[in-house]
$ cat input28.txt   # compact mmCIF, C-alpha atoms
# COMPACT_ATOMS: atom_id res chain seq x y z
CA MET A 1249 -18.21 20.79 0.36
CA GLU A 1250 -18.60 24.33 -1.01
CA ALA A 1251 -14.85 24.71 -1.46
CA PHE A 1252 -14.78 21.57 -3.60
CA ALA A 1253 -17.58 22.97 -5.78
CA ARG A 1254 -15.71 26.25 -6.32
CA PHE A 1255 -12.84 24.71 -8.25
CA GLY A 1256 -15.24 23.04 -10.70
CA PRO A 1257 -15.52 23.77 -14.46
CA GLY A 1258 -18.11 25.83 -16.33
CA ARG A 1259 -21.66 24.67 -17.01
CA ALA A 1260 -20.94 22.59 -20.09
CA ALA A 1261 -17.92 20.94 -18.52
CA ALA A 1262 -19.83 20.42 -15.27
CA ALA A 1263 -22.54 18.54 -17.14
CA ALA A 1264 -19.87 16.32 -18.67
CA ALA A 1265 -18.33 15.80 -15.27
CA ARG A 1266 -21.64 14.62 -13.83
CA SER A 1267 -21.83 12.00 -16.56
CA SER A 1268 -18.28 10.79 -15.92
CA SER A 1269 -17.27 8.23 -13.32
CA PRO A 1270 -17.34 9.31 -9.67
CA LEU A 1271 -13.56 8.92 -9.30
CA THR A 1272 -12.84 10.87 -12.48
CA ARG A 1273 -14.62 13.89 -11.05
CA VAL A 1274 -12.47 13.83 -7.91
CA THR A 1275 -9.23 13.21 -9.80
CA ARG A 1276 -9.69 16.27 -12.00
CA LEU A 1277 -8.32 18.57 -9.28
CA VAL A 1278 -4.90 16.89 -9.38
CA GLN A 1279 -5.01 15.60 -12.95
CA PRO A 1280 -1.66 17.17 -13.98
CA GLN A 1281 0.09 15.47 -11.07
CA ILE A 1282 -1.71 12.17 -11.72
CA ASP A 1283 -0.58 12.35 -15.35
CA GLU A 1284 2.98 12.92 -14.14
CA VAL A 1285 2.68 9.93 -11.81
CA GLU A 1286 1.48 7.85 -14.75
CA GLN A 1287 4.46 8.82 -16.87
CA ARG A 1288 6.88 8.24 -14.02
CA ILE A 1289 5.47 4.77 -13.38
CA ILE A 1290 5.87 3.84 -17.04
CA LYS A 1291 9.49 5.05 -16.99
CA GLN A 1292 10.32 2.81 -14.02
CA ALA A 1293 10.72 -0.17 -16.36
CA ALA A 1294 13.96 1.36 -17.63
CA ALA A 1295 15.46 1.04 -14.13
CA PHE A 1296 15.52 -2.75 -14.41
CA ASP A 1297 17.88 -5.10 -16.20
CA PRO A 1298 17.07 -5.17 -19.95
CA ALA A 1299 16.37 -8.91 -19.67
CA ILE A 1300 13.33 -8.27 -17.46
CA GLU A 1301 12.40 -4.75 -18.54
CA GLY A 1302 9.63 -6.06 -20.82
CA TYR A 1303 7.95 -7.97 -18.00
CA VAL A 1304 8.05 -4.90 -15.76
CA ALA A 1305 6.59 -2.73 -18.51
CA TYR A 1306 3.75 -5.20 -18.99
CA ALA A 1307 2.97 -5.38 -15.26
CA ILE A 1308 2.87 -1.63 -14.75
CA GLY A 1309 1.35 -0.74 -18.12
CA GLY A 1310 -2.31 -1.43 -17.36
CA ARG A 1311 -3.74 1.81 -15.99
CA GLY A 1312 -5.69 1.27 -12.77
CA LYS A 1313 -7.71 3.64 -10.64
CA ARG A 1314 -4.55 5.09 -9.02
CA LEU A 1315 -6.47 5.56 -5.77
CA ARG A 1316 -3.42 5.47 -3.52
CA PRO A 1317 -1.55 8.15 -5.52
CA LEU A 1318 -4.75 10.20 -5.49
CA VAL A 1319 -4.96 10.00 -1.70
CA ALA A 1320 -1.28 10.94 -1.33
CA LEU A 1321 -1.63 13.98 -3.58
CA LEU A 1322 -4.89 15.22 -2.06
CA ALA A 1323 -3.55 14.81 1.48
CA GLY A 1324 -0.50 16.83 0.47
CA GLY A 1325 -2.69 19.54 -1.02
CA ALA A 1326 -5.02 19.57 1.98
CA THR A 1327 -2.10 20.50 4.27
CA GLY A 1328 0.14 22.55 1.97
CA ALA A 1329 1.28 22.94 -1.62
CA ILE A 1330 1.78 19.83 -3.77
CA ASN A 1331 5.38 19.46 -4.94
CA SER A 1332 7.62 16.92 -6.67
CA LYS A 1333 8.12 14.94 -3.47
CA HIS A 1334 4.40 14.22 -3.36
CA VAL A 1335 4.66 12.83 -6.89
CA ASP A 1336 7.61 10.67 -5.76
CA LEU A 1337 5.48 9.31 -2.91
CA ALA A 1338 2.54 8.67 -5.23
CA VAL A 1339 4.74 6.64 -7.59
CA ILE A 1340 6.12 4.56 -4.70
CA VAL A 1341 2.75 3.67 -3.17
CA GLU A 1342 1.40 2.65 -6.57
CA LEU A 1343 4.43 0.44 -7.28
CA ILE A 1344 3.85 -1.31 -3.95
CA HIS A 1345 0.21 -1.77 -4.87
CA ILE A 1346 1.11 -3.26 -8.26
CA ALA A 1347 3.53 -5.65 -6.55
CA THR A 1348 0.74 -6.88 -4.27
CA LEU A 1349 -1.53 -7.42 -7.28
CA LEU A 1350 1.07 -9.66 -8.92
CA HIS A 1351 1.20 -11.82 -5.80
CA ASP A 1352 -2.59 -11.78 -5.38
CA ASP A 1353 -3.12 -13.01 -8.92
CA VAL A 1354 -0.80 -15.95 -8.31
CA MET A 1355 -2.57 -16.95 -5.11
CA ASP A 1356 -6.01 -16.52 -6.70
CA GLU A 1357 -5.04 -18.12 -10.02
CA ALA A 1358 -6.58 -15.07 -11.68
CA GLU A 1359 -6.40 -14.91 -15.45
CA ARG A 1360 -7.31 -11.29 -16.18
CA ARG A 1361 -6.43 -7.97 -14.58
CA ARG A 1362 -7.09 -4.49 -15.99
CA ALA A 1363 -8.62 -5.99 -19.14
CA GLN A 1364 -5.51 -7.99 -20.08
CA PRO A 1365 -4.06 -11.40 -19.17
CA THR A 1366 -2.33 -11.45 -15.79
CA VAL A 1367 1.42 -11.90 -15.64
CA ASN A 1368 0.98 -15.36 -14.14
CA ALA A 1369 -1.43 -16.32 -16.93
CA ARG A 1370 1.12 -15.29 -19.56
CA TRP A 1371 4.42 -16.36 -18.03
CA GLY A 1372 3.65 -18.55 -15.03
CA ASN A 1373 3.60 -18.24 -11.27
CA SER A 1374 7.35 -18.32 -10.65
CA LEU A 1375 8.10 -15.33 -12.84
CA SER A 1376 5.09 -13.44 -11.48
CA VAL A 1377 6.15 -13.90 -7.84
CA LEU A 1378 9.72 -12.81 -8.59
CA LEU A 1379 8.48 -9.81 -10.56
CA GLY A 1380 6.34 -8.76 -7.60
CA ASP A 1381 9.40 -9.08 -5.38
CA CYS A 1382 11.39 -6.88 -7.78
CA LEU A 1383 8.75 -4.17 -7.69
CA PHE A 1384 8.58 -4.29 -3.90
CA ALA A 1385 12.36 -3.94 -3.68
CA HIS A 1386 12.41 -1.14 -6.26
CA ALA A 1387 9.72 0.82 -4.41
CA LEU A 1388 11.62 0.49 -1.14
CA THR A 1389 14.81 1.63 -2.86
CA LEU A 1390 13.04 4.72 -4.20
CA SER A 1391 11.74 5.47 -0.70
CA THR A 1392 15.32 5.88 0.58
CA HIS A 1393 15.78 8.95 -1.62
CA PHE A 1394 13.68 11.19 0.64
CA GLU A 1395 15.70 13.53 2.83
CA ASN A 1396 13.38 12.69 5.72
CA SER A 1397 14.40 9.11 6.55
CA GLU A 1398 11.16 8.55 8.47
CA ILE A 1399 9.31 8.40 5.14
CA GLY A 1400 11.40 5.46 3.95
CA ARG A 1401 11.01 3.68 7.30
CA ALA A 1402 7.24 4.20 7.25
CA ILE A 1403 6.97 2.80 3.71
CA ALA A 1404 9.06 -0.24 4.70
CA ARG A 1405 6.83 -0.85 7.74
CA THR A 1406 3.77 -0.57 5.56
CA ALA A 1407 5.12 -3.08 3.03
CA SER A 1408 5.77 -5.51 5.88
CA GLU A 1409 2.25 -5.01 7.25
CA ILE A 1410 0.69 -5.61 3.84
CA CYS A 1411 2.55 -8.89 3.42
CA SER A 1412 1.68 -9.95 6.98
CA GLY A 1413 -2.00 -9.29 6.31
CA GLU A 1414 -1.90 -11.38 3.14
CA MET A 1415 -0.20 -14.21 5.01
CA ILE A 1416 -2.78 -14.20 7.79
CA GLN A 1417 -5.60 -14.23 5.24
CA THR A 1418 -4.00 -17.18 3.45
CA GLN A 1419 -3.52 -18.94 6.78
CA ARG A 1420 -7.24 -18.51 7.60
CA ARG A 1421 -8.60 -19.84 4.29
CA PHE A 1422 -11.65 -22.11 4.67
CA ASP A 1423 -11.72 -21.23 8.39
CA LEU A 1424 -15.34 -21.24 9.55
CA LYS A 1425 -14.24 -19.75 12.87
CA LEU A 1426 -13.05 -16.55 11.21
CA GLY A 1427 -15.02 -13.64 12.68
CA VAL A 1428 -15.92 -10.20 11.36
CA GLU A 1429 -13.31 -8.59 13.63
CA ASP A 1430 -10.67 -11.01 12.32
CA TYR A 1431 -11.61 -10.06 8.78
CA LEU A 1432 -11.45 -6.32 9.51
CA ARG A 1433 -8.01 -6.71 11.10
CA ILE A 1434 -6.74 -8.50 7.99
CA VAL A 1435 -8.25 -5.91 5.66
CA LYS A 1436 -6.76 -3.01 7.60
CA MET A 1437 -3.34 -4.63 7.33
CA LYS A 1438 -3.37 -5.71 3.70
CA THR A 1439 -5.21 -2.71 2.19
CA GLY A 1440 -5.97 -0.01 4.71
CA SER A 1441 -2.34 0.37 5.77
CA LEU A 1442 -1.16 1.54 2.34
CA PHE A 1443 -3.98 4.09 2.07
CA ALA A 1444 -3.12 5.26 5.59
CA ALA A 1445 0.57 5.63 4.69
CA ALA A 1446 -0.27 7.50 1.48
CA ALA A 1447 -2.41 10.02 3.37
CA GLU A 1448 -0.13 10.43 6.37
CA LEU A 1449 3.11 10.71 4.38
CA GLY A 1450 1.52 13.06 1.85
CA ALA A 1451 0.76 15.37 4.76
CA LEU A 1452 4.19 14.80 6.32
CA ILE A 1453 5.86 16.02 3.14
CA SER A 1454 3.72 19.17 3.47
CA ASP A 1455 5.04 19.66 7.03
CA ALA A 1456 1.63 19.08 8.58
CA ASP A 1457 1.38 19.12 12.37
CA PRO A 1458 0.97 15.89 14.39
CA THR A 1459 -2.80 16.35 14.76
CA GLU A 1460 -3.25 16.69 11.00
CA LEU A 1461 -1.04 13.67 10.38
CA GLU A 1462 -3.16 11.55 12.71
CA ILE A 1463 -6.41 12.74 11.15
CA LEU A 1464 -5.22 11.92 7.65
CA LYS A 1465 -3.74 8.59 8.66
CA ASN A 1466 -7.07 7.54 10.16
CA PHE A 1467 -8.92 8.83 7.11
CA GLY A 1468 -6.72 6.74 4.83
CA LEU A 1469 -7.15 3.67 7.00
CA GLY A 1470 -10.94 4.03 7.01
CA VAL A 1471 -11.27 4.70 3.28
CA GLY A 1472 -8.79 1.95 2.41
CA THR A 1473 -10.63 -0.58 4.56
CA ALA A 1474 -13.93 0.46 3.00
CA TYR A 1475 -12.44 0.11 -0.48
CA GLN A 1476 -11.36 -3.45 0.26
CA ILE A 1477 -14.89 -4.25 1.43
CA TYR A 1478 -16.11 -2.80 -1.87
CA ASP A 1479 -13.65 -4.97 -3.79
CA ASP A 1480 -14.79 -8.04 -1.85
CA CYS A 1481 -18.43 -7.24 -2.65
CA LEU A 1482 -17.47 -6.67 -6.29
CA ASP A 1483 -15.94 -10.15 -6.36
CA ILE A 1484 -19.43 -11.50 -5.69
CA ALA A 1485 -21.75 -9.04 -7.42
CA GLY A 1486 -19.58 -7.56 -10.17
CA ASP A 1487 -19.41 -8.23 -13.90
CA GLU A 1488 -16.11 -9.48 -15.34
CA THR A 1489 -16.63 -7.69 -18.64
CA ALA A 1490 -17.13 -4.36 -16.89
CA THR A 1491 -14.34 -4.79 -14.33
CA GLY A 1492 -11.77 -6.30 -16.70
CA LYS A 1493 -10.56 -8.78 -14.08
CA THR A 1494 -11.27 -12.31 -12.90
CA LEU A 1495 -14.05 -12.38 -10.30
CA GLY A 1496 -15.27 -15.02 -7.88
CA THR A 1497 -11.76 -15.91 -6.75
CA ASP A 1498 -12.37 -15.25 -3.04
CA LEU A 1499 -14.95 -17.99 -2.66
CA ARG A 1500 -13.05 -20.42 -4.84
CA LYS A 1501 -9.93 -19.91 -2.73
CA GLY A 1502 -11.74 -20.09 0.59
CA LYS A 1503 -11.27 -16.42 1.48
CA PHE A 1504 -14.18 -15.62 3.76
CA THR A 1505 -14.88 -11.96 3.09
CA LEU A 1506 -17.46 -9.75 4.80
CA PRO A 1507 -20.54 -10.87 2.80
CA ILE A 1508 -19.93 -14.55 3.57
CA LEU A 1509 -19.15 -13.78 7.21
CA PHE A 1510 -22.37 -11.78 7.62
CA PHE A 1511 -24.31 -14.60 5.98
CA LEU A 1512 -22.79 -17.27 8.21
CA ARG A 1513 -23.28 -15.16 11.34
CA ALA A 1514 -27.03 -14.77 10.72
CA ALA A 1515 -27.72 -18.19 9.17
CA SER A 1516 -29.27 -21.17 10.89
CA GLU A 1517 -27.06 -24.16 11.65
CA PHE A 1518 -28.55 -25.94 8.64
CA ASP A 1519 -27.87 -23.00 6.31
CA ARG A 1520 -24.33 -22.65 7.66
CA GLU A 1521 -23.56 -26.28 6.94
CA HIS A 1522 -25.21 -26.07 3.52
CA CYS A 1523 -23.21 -22.96 2.60
CA ALA A 1524 -19.96 -24.51 3.84
CA SER A 1525 -20.54 -27.66 1.82
CA LEU A 1526 -21.23 -25.60 -1.32
CA ILE A 1527 -17.92 -23.75 -0.87
CA LEU A 1528 -15.98 -26.95 -0.24
CA ASP A 1529 -17.59 -28.55 -3.30
CA GLY A 1530 -16.58 -25.55 -5.44
CA ARG A 1531 -20.19 -24.52 -6.16
CA CYS A 1532 -19.33 -20.88 -5.69
CA ASP A 1533 -21.93 -19.48 -8.10
CA GLU A 1534 -24.66 -20.89 -5.86
CA VAL A 1535 -23.05 -19.33 -2.80
CA ALA A 1536 -22.86 -15.96 -4.56
CA GLU A 1537 -26.58 -16.14 -5.31
CA LEU A 1538 -27.29 -16.85 -1.64
CA LEU A 1539 -25.30 -13.80 -0.64
CA LYS A 1540 -27.02 -11.53 -3.14
CA ASN A 1541 -30.52 -12.83 -2.46
CA ARG A 1542 -32.51 -10.26 -0.47
CA SER A 1543 -35.10 -12.90 0.42
CA GLY A 1544 -32.30 -14.45 2.49
CA ASN A 1545 -30.49 -12.47 5.15
CA GLY A 1546 -29.22 -9.71 2.84
CA ALA A 1547 -25.55 -10.34 3.51
CA LEU A 1548 -24.40 -8.34 0.48
CA ASP A 1549 -26.56 -5.35 1.38
CA GLU A 1550 -25.29 -5.51 4.96
CA SER A 1551 -21.70 -5.50 3.70
CA ILE A 1552 -22.40 -2.51 1.46
CA ALA A 1553 -23.89 -0.70 4.46
CA ALA A 1554 -20.82 -1.52 6.57
CA GLY A 1555 -18.52 -0.13 3.89
CA THR A 1556 -20.50 3.07 3.45
CA ASN A 1557 -20.62 3.54 7.23
CA LEU A 1558 -16.82 3.37 7.36
CA ILE A 1559 -16.66 6.01 4.64
CA GLY A 1560 -19.02 8.27 6.58
CA GLN A 1561 -16.88 7.95 9.72
CA ALA A 1562 -13.75 8.80 7.73
CA GLN A 1563 -15.45 11.84 6.18
CA ASN A 1564 -16.62 13.10 9.56
CA ALA A 1565 -13.12 12.74 10.99
CA ILE A 1566 -11.55 14.79 8.21
CA GLU A 1567 -14.02 17.69 8.39
CA PRO A 1568 -11.49 19.87 10.28
CA LEU A 1569 -9.19 19.70 7.23
CA ALA A 1570 -11.88 20.25 4.60
CA SER A 1571 -11.18 23.97 4.42
CA ASN A 1572 -9.59 24.05 0.95
CA ALA A 1573 -10.26 22.41 -2.40
CA HIS A 1574 -7.97 19.42 -1.77
CA GLY A 1575 -9.43 18.71 1.66
CA CYS A 1576 -12.94 18.88 0.24
CA ALA A 1577 -11.83 16.59 -2.58
CA LEU A 1578 -10.90 13.97 0.03
CA VAL A 1579 -14.46 14.20 1.35
CA ALA A 1580 -15.70 13.94 -2.23
CA LEU A 1581 -13.55 10.84 -2.70
CA GLY A 1582 -15.63 9.23 0.04
CA ASP A 1583 -18.79 10.24 -1.82
CA ALA A 1584 -17.40 8.67 -5.00
CA LEU A 1585 -16.66 5.39 -3.22
CA ARG A 1586 -20.16 5.43 -1.77
CA GLU A 1587 -21.55 5.75 -5.30
CA MET A 1588 -19.48 2.75 -6.34
CA PHE A 1589 -20.95 0.75 -3.47
CA GLU A 1590 -24.48 1.69 -4.46
CA GLN A 1591 -23.87 0.42 -7.99
CA LEU A 1592 -23.42 -3.07 -6.53
CA ARG A 1593 -26.95 -3.25 -5.16
CA VAL A 1594 -29.09 -5.74 -7.05
$ encode --input "input28.txt" --output "structure tokens"
Amino acid sequence: MEAFARFGPGRAAAAAARSSSPLTRVTRLVQPQIDEVEQRIIKQAAAFDPAIEGYVAYAIGGRGKRLRPLVALLAGGATGAINSKHVDLAVIVELIHIATLLHDDVMDEAERRRAQPTVNARWGNSLSVLLGDCLFAHALTLSTHFENSEIGRAIARTASEICSGEMIQTQRRFDLKLGVEDYLRIVKMKTGSLFAAAAELGALISDADPTELEILKNFGLGVGTAYQIYDDCLDIAGDETATGKTLGTDLRKGKFTLPILFFLRAASEFDREHCASLILDGRCDEVAELLKNRSGNGALDESIAAGTNLIGQAQNAIEPLASNAHGCALVALGDALREMFEQLRV
């Protein structure tokens, strides 16, 4: 971690950095490239027919965490020099992510995302689904511009895996037989795979060797899976005002995420039946309280521990590449996500 500390600012700026969000501190290393990604994403609206350009601009206009672009850029820097192709990749993975959010919001009937009304809340489900399809197609089109055709093929495979994961999760709604391993498989497909692709392809653009590619791919998969666990915990323990998005949708839609699965696995037969009846009756606030209650079986705390353990494993695996500032920043990204997990403890 010493290399990460060396690129830091002076004392006054360091004090400000400590008071900023965990992710902001990590992003600072590649802030110029992230700013370029942001501008490039905004400009993508002009690539669409004028009749739908306004919808595209609205969908991509709300600035998110940009975690996937961050991973792509840091992986590129950890294995070489960041160049314009890394920025191209970062734009593509974020467009794919935005497309998935449009579809998620339809399925969850979410009303707010990034502190503004969702596309489906403003213009309906049909338009939102089609807009997500347009962004998927646009991202795949952009991926064909790389000279290395394997990059485009890998992005297409990842998009397919994401959609497959979402379909399996939808298929298993309200399924009391869903196990923790089933859940982890779904999460790796629908979220971990895009993080894995961002890390692996960022390194591929830097001409990394096969060992480095595998290390970074596994790092991305682990961090991405952990981040989805965090998001699932946030859905239960978060605050809508602070997050700027609709929460509690997983339980309402019968998505059994890690906290509910840990609770059901440890609960008595009576408690399992009681919890299931609460979910089926739509009494999701009561279920959330059960999951957060430490006097119960501590399902939320157990889920937080599982997520932080995944982060630790990913950090350990990437140690061989943490020899420069960007590699150490990837390790620091894990630390930042761990801080975010800890903020969920009640």
$ atom_distance --input "input28.txt" --atom1 "atom CA of A:Gln1561" --atom2 "atom CA of A:Gly1582"
9.8 Å
$ atom_distance --input "input28.txt" --atom1 "atom CA of A:Phe1422" --atom2 "atom CA of A:Asp1498"
10.3 Å
$ residues_near_point --input "input28.txt" --point "(-5.2, 10.4, 8.0)" --cutoff "10 Å" --atoms "all atoms listed in the file" --output "list in words"
Val1319, Ala1323, Phe1443, Ala1444, Ala1445, Ala1446, Ala1447, Glu1448, Leu1449, Gly1450, Ala1451, Thr1459, Glu1460, Leu1461, Glu1462, Ile1463, Leu1464, Lys1465, Asn1466, Phe1467, Gly1468, Leu1469, Gly1470, Val1471, Ala1562, Ala1565 and Ile1566 of chain A
$ closest_atom_pairs --input "input28.txt" --of "stretch 1499-1579 of chain A" --to "stretch 1346-1368 of chain A" --cutoff "12 Å" --atoms "all atoms listed in the file" --output "JSON lines"
{"residue": "A:Leu1499", "atom": "CA", "partner": "A:Asp1356", "partner_atom": "CA", "distance": 9.9}
{"residue": "A:Arg1500", "atom": "CA", "partner": "A:Asp1356", "partner_atom": "CA", "distance": 8.3}
{"residue": "A:Lys1501", "atom": "CA", "partner": "A:Asp1356", "partner_atom": "CA", "distance": 6.5}
{"residue": "A:Gly1502", "atom": "CA", "partner": "A:Asp1356", "partner_atom": "CA", "distance": 9.9}
{"residue": "A:Lys1503", "atom": "CA", "partner": "A:Asp1356", "partner_atom": "CA", "distance": 9.7}
$ closest_residue --input "input28.txt" --among "A:Leu1528, A:Leu1315, A:Cys1481, A:Ala1305" --to "A:Leu1548" --atoms "all atoms listed in the file"
A:Cys1481
$ residues_around --input "input28.txt" --residues "stretch 1518-1521 of chain A" --least-positions-apart "2" --cutoff "12 Å" --atoms "all atoms listed in the file" --output "list in words"
Leu1424, Lys1425, Ile1508, Leu1509, Phe1510, Phe1511, Leu1512, Arg1513, Ala1514, Ala1515, Ser1516, Cys1523, Ala1524, Ser1525, Leu1526, Ile1527, Leu1528, Val1535, Leu1538, Leu1539, Gly1544 and Asn1545 of chain A
$ closest_atom_pairs --input "input28.txt" --of "stretch 1276-1366 of chain A" --to "stretch 1394-1416 of chain A" --cutoff "9 Å" --atoms "only C-alpha atoms" --output "JSON lines"
{"residue": "A:Lys1333", "atom": "CA", "partner": "A:Phe1394", "partner_atom": "CA", "distance": 7.9}
{"residue": "A:Asp1336", "atom": "CA", "partner": "A:Phe1394", "partner_atom": "CA", "distance": 8.8}
{"residue": "A:Leu1337", "atom": "CA", "partner": "A:Ile1399", "partner_atom": "CA", "distance": 9.0}
{"residue": "A:Ile1340", "atom": "CA", "partner": "A:Ile1403", "partner_atom": "CA", "distance": 8.6}
{"residue": "A:Val1341", "atom": "CA", "partner": "A:Ile1403", "partner_atom": "CA", "distance": 8.1}
{"residue": "A:Ile1344", "atom": "CA", "partner": "A:Ala1407", "partner_atom": "CA", "distance": 7.3}
{"residue": "A:Thr1348", "atom": "CA", "partner": "A:Cys1411", "partner_atom": "CA", "distance": 8.2}
{"residue": "A:Asp1352", "atom": "CA", "partner": "A:Glu1414", "partner_atom": "CA", "distance": 8.6}
$ closest_residue --input "input28.txt" --among "A:Pro1298, A:Ile1477, A:Glu1550, A:Leu1343" --to "A:Leu1390" --atoms "all atoms listed in the file"
A:Leu1343
$ closest_residue --input "input28.txt" --among "A:Glu1590, A:His1334, A:Cys1576, A:Arg1420" --to "A:Val1274" --atoms "all atoms listed in the file"
A:Cys1576
$ atom_distance --input "input28.txt" --atom1 "atom CA of A:Asp1457" --atom2 "atom CA of A:Thr1327"
8.9 Å
$ residues_around --input "input28.txt" --residues "A:Asn1331" --least-positions-apart "4" --cutoff "12 Å" --atoms "only C-alpha atoms" --output "list in words"
Val1278, Pro1280, Gln1281, Glu1284, Ala1320, Leu1321, Leu1322, Ala1323, Gly1324, Gly1325, Thr1327, Val1335, Asp1336, Leu1337, Ala1338, Gly1450, Ala1451, Ile1453, Ser1454 and Asp1455 of chain A
$ residues_near_point --input "input28.txt" --point "(-19.7, 15.1, 0.0)" --cutoff "12 Å" --atoms "all atoms listed in the file" --output "VMD selection string"
chain A and resid 1249 to 1253 1270 1274 1559 to 1560 1562 to 1564 1566 to 1567 1570 1575 to 1587
$ residues_around --input "input28.txt" --residues "A:Ile1300" --least-positions-apart "4" --cutoff "10 Å" --atoms "all atoms listed in the file" --output "list of chain:residue names"
A:Ala1293, A:Ala1294, A:Phe1296, A:Val1304, A:Ala1305, A:Leu1375, A:Leu1379, A:Cys1382
$ closest_residue --input "input28.txt" --among "A:Glu1488, A:Glu1429, A:Asp1549, A:Asp1483" --to "A:Ala1536" --atoms "all atoms listed in the file"
A:Asp1483
$ closest_residue --input "input28.txt" --among "A:Ser1391, A:Cys1532, A:His1522, A:Ala1553" --to "A:Thr1497" --atoms "all atoms listed in the file"
A:Cys1532
